[in-house]
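Have a look at the structure below, then the notes.
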Amino acid sequence: MDHVDQLVVRLNSTRKLRVWSLIITFFGDAVVPRGGSVSARTVQVLLGRMGIEAGAVRTAFSRLTNDGWVVREKLGRSSFYHLSPTGLEPFAAATDRIYAPLSIASQSTKGWRVSFQQQDYPKPRLMRLETEFTEKQQTSDQDFLLDGQITNIPDWMKDISCPADHKHSFTTLMEAFGPVMGAQLTDIDALAVRCLLIHEWRRILFQFHNVAPEFWTPDWPEAECHRFVSILYHQLLASSEAWMDQQASGLNGALPQSQPALAQRFT
């Protein structure tokens with residue numbers, strides 16, 4: 001198997017790749033910067049490189065259309081899709097976080113507040129961590145609050161703020177995509193890897209709560225993973241964009257040129 005096939009097999013072994021979610025990732029990452037509309041055939045070719053059959057792509061588009069996430073337009077026998085306001089809004093709101101530069105600056109100067117359930121004592125399970133909060137907060141009789149200063153965060157607080165499954169998600173991403181770092185890829189392969197990379201990175205960011213840098217444990221791999229994603233993304237960018245220039249199509253033929261801001265992602 002080549003790099004893309006091995007990557008797809010590895011990602012599917014952890015959790016089955018969802019076709020509709022991959023389509024949304026592709027739109028947000030590569031299509032929106034080029035006007036937002038693309039042919040169904042373009043998506044079928046890309047996802048076909050990931051081993052996904054055209055029938056599964058059509059089924060996913062049908063679901064996305066019925067759910068109001070994408071809008072379909074017909075021109076002859078060809079179908080073209082763009083994100084609806086319903087589909088565009090959440091990805092637009094998430095874009096800043098997905099492609100943000102790494103920041104280890106203080107997230108708050110006010111302090112921190114954490115709430116626990118009393119039944120979890122003496123090994124409290126984190127319920128809610130806040131670095132911005134009002135002085136008054138409603139709690140149930142089964143909860144208790146603990147306040148502290150950003151400059152004085154105990155190790156036990158860091159340990160429960162950085163759970164093992166969250167940490168594992170970062171290391172798993174780097175292990176999965178490590179073999180394609182620096183590899184010579186065709187243009188379509190570069191775009192497939194790029195789509196899968198952002199798909200996995202986006203999943204991590206929104207599956208888990210954001211851990212402010214002050215709460216990182218010494219072995220927390222988020223900064224390393226961010227640098228890894230940034231480097232690989234920019235390695236893939238020129239080749240993947242070349243495929244979009246030459247092979248992707250929209251209602252008016254070739255897609256518009258991508259926005260210059262694309263090159264500024266993660267930086």
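Identifiers for the structure tokens are assigned positionally: chains receive A, B, ... in sequence, residues are indexed from 1 per chain, and ligands are indexed from 1 in the order shown.
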key: Close residues, A:Met244 itself excluded, 10 Å, only C-alpha atoms, min 4 positions apart in chain, as a ChimeraX atom specification   = /A:30-31,34,42,187-188,191,238-240,248-249,254-258
For the residues in the current selection, export C-alpha atoms as a tab-separated table (two decimals), in the first residue's frame.
chain	number	residue	atom	x	y	z
A	30	ALA	CA	-10.08	24.05	0.35
A	31	VAL	CA	-13.33	25.04	-1.38
A	34	ARG	CA	-11.96	29.41	-3.77
A	42	THR	CA	-14.38	16.90	-7.85
A	187	ASP	CA	-0.89	16.40	-6.28
A	188	ILE	CA	-4.04	14.39	-5.59
A	191	LEU	CA	-4.74	17.04	-1.25
A	238	ALA	CA	1.55	23.96	-2.99
A	239	SER	CA	1.01	20.52	-4.49
A	240	SER	CA	-2.57	20.20	-3.24
A	248	ALA	CA	-11.24	20.92	-9.54
A	249	SER	CA	-14.28	22.43	-11.24
A	254	ALA	CA	-12.09	26.11	-13.19
A	255	LEU	CA	-12.33	27.37	-9.63
A	256	PRO	CA	-11.16	30.87	-8.71
A	257	GLN	CA	-7.65	31.22	-7.35
A	258	SER	CA	-7.32	30.59	-3.64
request  = Might you pull out every residue within 9 Å of A:Ile98, with only C-alpha atoms counted and same-chain residues fewer than 5 positions away left off, and present them as a list of chain:residue names?
outcome  = A:Ile198, A:Trp201, A:Arg202, A:Leu205, A:Arg265, A:Phe266
task = May I have the residues within 7 Å of stretch 85-89 of chain A as a list in words, using only C-alpha atoms and disregarding those fewer than 6 positions away in the same chain?
result =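 Counting only C-alpha atoms, the residues come to Gly68, Trp69 and Val70 of chain A.
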inquiry  = Which residues are close to A:Asp5, i.e. within 12 Å by only C-alpha atoms, leaving aside same-chain residues fewer than 6 positions away? Reply as a ChimeraX atom specification.
reply    = /A:11-12,47-52,176-177,179-180,189,192-193,196
Restricted to C-alpha atoms, what would the selected residues look like written as a short mmCIF file (atom, residue, chain, number, x, y, z; two decimals), in the first residue's frame?
data_model
loop_
_atom_site.label_atom_id
_atom_site.label_comp_id
_atom_site.auth_asym_id
_atom_site.auth_seq_id
_atom_site.Cartn_x
_atom_site.Cartn_y
_atom_site.Cartn_z
CA LEU A 11 -7.37 6.20 10.65
CA ASN A 12 -10.23 3.79 9.98
CA LEU A 47 -12.67 10.95 -1.72
CA GLY A 48 -12.18 8.14 -4.22
CA ARG A 49 -8.45 8.54 -3.60
CA MET A 50 -9.27 7.74 0.03
CA GLY A 51 -11.01 4.53 -1.02
CA ILE A 52 -14.53 5.94 -0.70
CA ALA A 176 -0.46 8.34 11.89
CA PHE A 177 0.81 11.17 9.70
CA PRO A 179 5.25 8.54 7.49
CA VAL A 180 4.03 11.21 5.03
CA ASP A 189 -2.31 12.49 -2.80
CA ALA A 192 -6.07 13.79 0.23
CA VAL A 193 -3.51 13.88 3.04
CA LEU A 196 -7.39 14.00 6.33
#
message = Need to verify the contact set: A:Val38, 6 Å, only C-alpha atoms, exclusion of same-chain residues closer than 5 positions in sequence. Can you return it as a list in words?
response =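 The filter keeps Phe80, Tyr81, Ser249 and Gly250 of chain A.
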Could those residues be written to a file, using N, CA and C atoms, as an mmCIF file, in the first residue's frame?
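Heads up, here's the output in selection-v3.cif:
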data_model
loop_
_atom_site.group_PDB
_atom_site.id
_atom_site.type_symbol
_atom_site.label_atom_id
_atom_site.label_comp_id
_atom_site.auth_asym_id
_atom_site.auth_seq_id
_atom_site.Cartn_x
_atom_site.Cartn_y
_atom_site.Cartn_z
ATOM 1 N N PHE A 80 -23.519 20.559 -8.584
ATOM 2 C CA PHE A 80 -22.548 21.409 -7.907
ATOM 3 C C PHE A 80 -23.102 21.740 -6.526
ATOM 4 N N TYR A 81 -22.192 21.869 -5.569
ATOM 5 C CA TYR A 81 -22.620 22.074 -4.194
ATOM 6 C C TYR A 81 -21.852 23.237 -3.565
ATOM 7 N N SER A 249 -13.384 21.652 -10.374
ATOM 8 C CA SER A 249 -14.278 22.430 -11.238
ATOM 9 C C SER A 249 -15.486 22.923 -10.464
ATOM 10 N N GLY A 250 -16.045 24.024 -10.969
ATOM 11 C CA GLY A 250 -17.250 24.604 -10.396
ATOM 12 C C GLY A 250 -18.243 24.921 -11.500
#
task = May I ask for the distance between atom CA of A:Gln6 and atom CA of A:His199, given in Å to one decimal place?
result = 16.4 Å
message = I want to know what sits within 12 Å of A:Phe91, based on only C-alpha atoms, with residues of the same chain fewer than 6 positions away left out; could you give that as a list in words?
response = Ser21, Ile24, Thr25, Phe26, Phe27, Gly28, Asp29, Val32, Trp69, Leu83, Ser84, Pro85, Arg97, Ile98, Tyr99, His199, Arg202 and Phe206 of chain A
query = For the atom pair atom CA of A:Thr171 and atom CA of A:Gln184, what is the interatomic distance in Å to one decimal place?
reply =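 Result for atom CA of A:Thr171 versus atom CA of A:Gln184: 23.2 Å, one decimal.
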ask   = Given the choices A:Ala190, A:Met181, A:Val229, A:Ile153, which gets closest to A:Thr217 if the distance is worked out from only C-alpha atoms?
value = A:Ile153
Among stretch 10-118 of chain A, which residues does DSSP mark as alpha helix (DSSP H) when it is run on the backbone? Keep the chain and numbering as in the structure and answer as a PDB file with C-alpha atoms, in the first residue's frame.
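Output contents, as saved in states_33.pdb:
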ATOM      1  CA  ARG A  10      -4.789   3.462  10.090  1.00  0.00           C
ATOM      2  CA  LEU A  11      -7.373   6.197  10.649  1.00  0.00           C
ATOM      3  CA  ASN A  12     -10.232   3.790   9.976  1.00  0.00           C
ATOM      4  CA  SER A  13      -8.793   1.340  12.508  1.00  0.00           C
ATOM      5  CA  THR A  14      -9.261   3.940  15.245  1.00  0.00           C
ATOM      6  CA  VAL A  19     -17.939  10.599   4.550  1.00  0.00           C
ATOM      7  CA  TRP A  20     -20.244  13.545   5.244  1.00  0.00           C
ATOM      8  CA  SER A  21     -17.767  14.952   7.771  1.00  0.00           C
ATOM      9  CA  LEU A  22     -14.857  14.611   5.330  1.00  0.00           C
ATOM     10  CA  ILE A  23     -16.899  16.542   2.765  1.00  0.00           C
ATOM     11  CA  ILE A  24     -17.486  19.372   5.234  1.00  0.00           C
ATOM     12  CA  THR A  25     -13.770  19.431   6.054  1.00  0.00           C
ATOM     13  CA  PHE A  26     -12.867  19.624   2.364  1.00  0.00           C
ATOM     14  CA  ALA A  40     -19.778  16.645  -7.162  1.00  0.00           C
ATOM     15  CA  ARG A  41     -17.271  14.985  -9.475  1.00  0.00           C
ATOM     16  CA  THR A  42     -14.380  16.897  -7.854  1.00  0.00           C
ATOM     17  CA  VAL A  43     -15.404  15.612  -4.434  1.00  0.00           C
ATOM     18  CA  GLN A  44     -15.868  12.080  -5.772  1.00  0.00           C
ATOM     19  CA  VAL A  45     -12.360  12.051  -7.251  1.00  0.00           C
ATOM     20  CA  LEU A  46     -10.786  13.295  -4.022  1.00  0.00           C
ATOM     21  CA  LEU A  47     -12.673  10.945  -1.724  1.00  0.00           C
ATOM     22  CA  GLY A  48     -12.180   8.141  -4.220  1.00  0.00           C
ATOM     23  CA  ARG A  49      -8.453   8.543  -3.600  1.00  0.00           C
ATOM     24  CA  ALA A  54     -18.922   7.385  -5.503  1.00  0.00           C
ATOM     25  CA  GLY A  55     -22.175   5.917  -4.192  1.00  0.00           C
ATOM     26  CA  ALA A  56     -21.157   6.711  -0.625  1.00  0.00           C
ATOM     27  CA  VAL A  57     -20.335  10.279  -1.648  1.00  0.00           C
ATOM     28  CA  ARG A  58     -23.747  10.680  -3.307  1.00  0.00           C
ATOM     29  CA  THR A  59     -25.445   9.322  -0.184  1.00  0.00           C
ATOM     30  CA  ALA A  60     -23.493  11.744   2.003  1.00  0.00           C
ATOM     31  CA  PHE A  61     -24.388  14.689  -0.223  1.00  0.00           C
ATOM     32  CA  SER A  62     -28.043  13.656  -0.073  1.00  0.00           C
ATOM     33  CA  ARG A  63     -27.907  13.621   3.702  1.00  0.00           C
ATOM     34  CA  LEU A  64     -26.123  16.978   3.869  1.00  0.00           C
ATOM     35  CA  THR A  65     -28.657  18.496   1.476  1.00  0.00           C
ATOM     36  CA  ASN A  66     -31.636  17.130   3.401  1.00  0.00           C
ATOM     37  CA  PRO A  85     -25.545  29.431   5.758  1.00  0.00           C
ATOM     38  CA  THR A  86     -26.266  26.586   8.186  1.00  0.00           C
ATOM     39  CA  GLY A  87     -23.183  24.701   7.015  1.00  0.00           C
ATOM     40  CA  LEU A  88     -20.956  27.739   6.598  1.00  0.00           C
ATOM     41  CA  GLU A  89     -21.560  29.379   9.966  1.00  0.00           C
ATOM     42  CA  PRO A  90     -20.102  26.717  12.273  1.00  0.00           C
ATOM     43  CA  PHE A  91     -17.029  26.128  10.110  1.00  0.00           C
ATOM     44  CA  ALA A  92     -16.454  29.865   9.705  1.00  0.00           C
ATOM     45  CA  ALA A  93     -16.647  30.261  13.458  1.00  0.00           C
ATOM     46  CA  ALA A  94     -14.232  27.348  13.916  1.00  0.00           C
ATOM     47  CA  THR A  95     -11.730  28.474  11.279  1.00  0.00           C
ATOM     48  CA  ASP A  96      -9.880  30.861  13.560  1.00  0.00           C
ATOM     49  CA  ARG A  97      -9.279  28.123  16.076  1.00  0.00           C
ATOM     50  CA  ILE A  98      -8.364  25.419  13.556  1.00  0.00           C
TER      51      ILE A  98
END
task = Looking only at strand (DSSP E or B) from DSSP on the backbone, list the matching residues of stretch 4-85 of chain A as JSON, numbers by chain.
result = {"A": [37, 38, 39, 70, 71, 72, 73, 74, 75, 78, 79, 80, 81, 82, 83]}
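Coordinates place atom CA of A:Phe208 at a distance of 6.6 Å from atom CA of A:His166.
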request  = Could you tell me which of A:Val71, A:Gly253, A:Ser103, A:Gln235 comes closest to A:Gly182 if we count only C-alpha atoms?
outcome  =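 Of A:Val71, A:Gly253, A:Ser103, A:Gln235, the one nearest A:Gly182 is A:Gln235, counting only C-alpha atoms.
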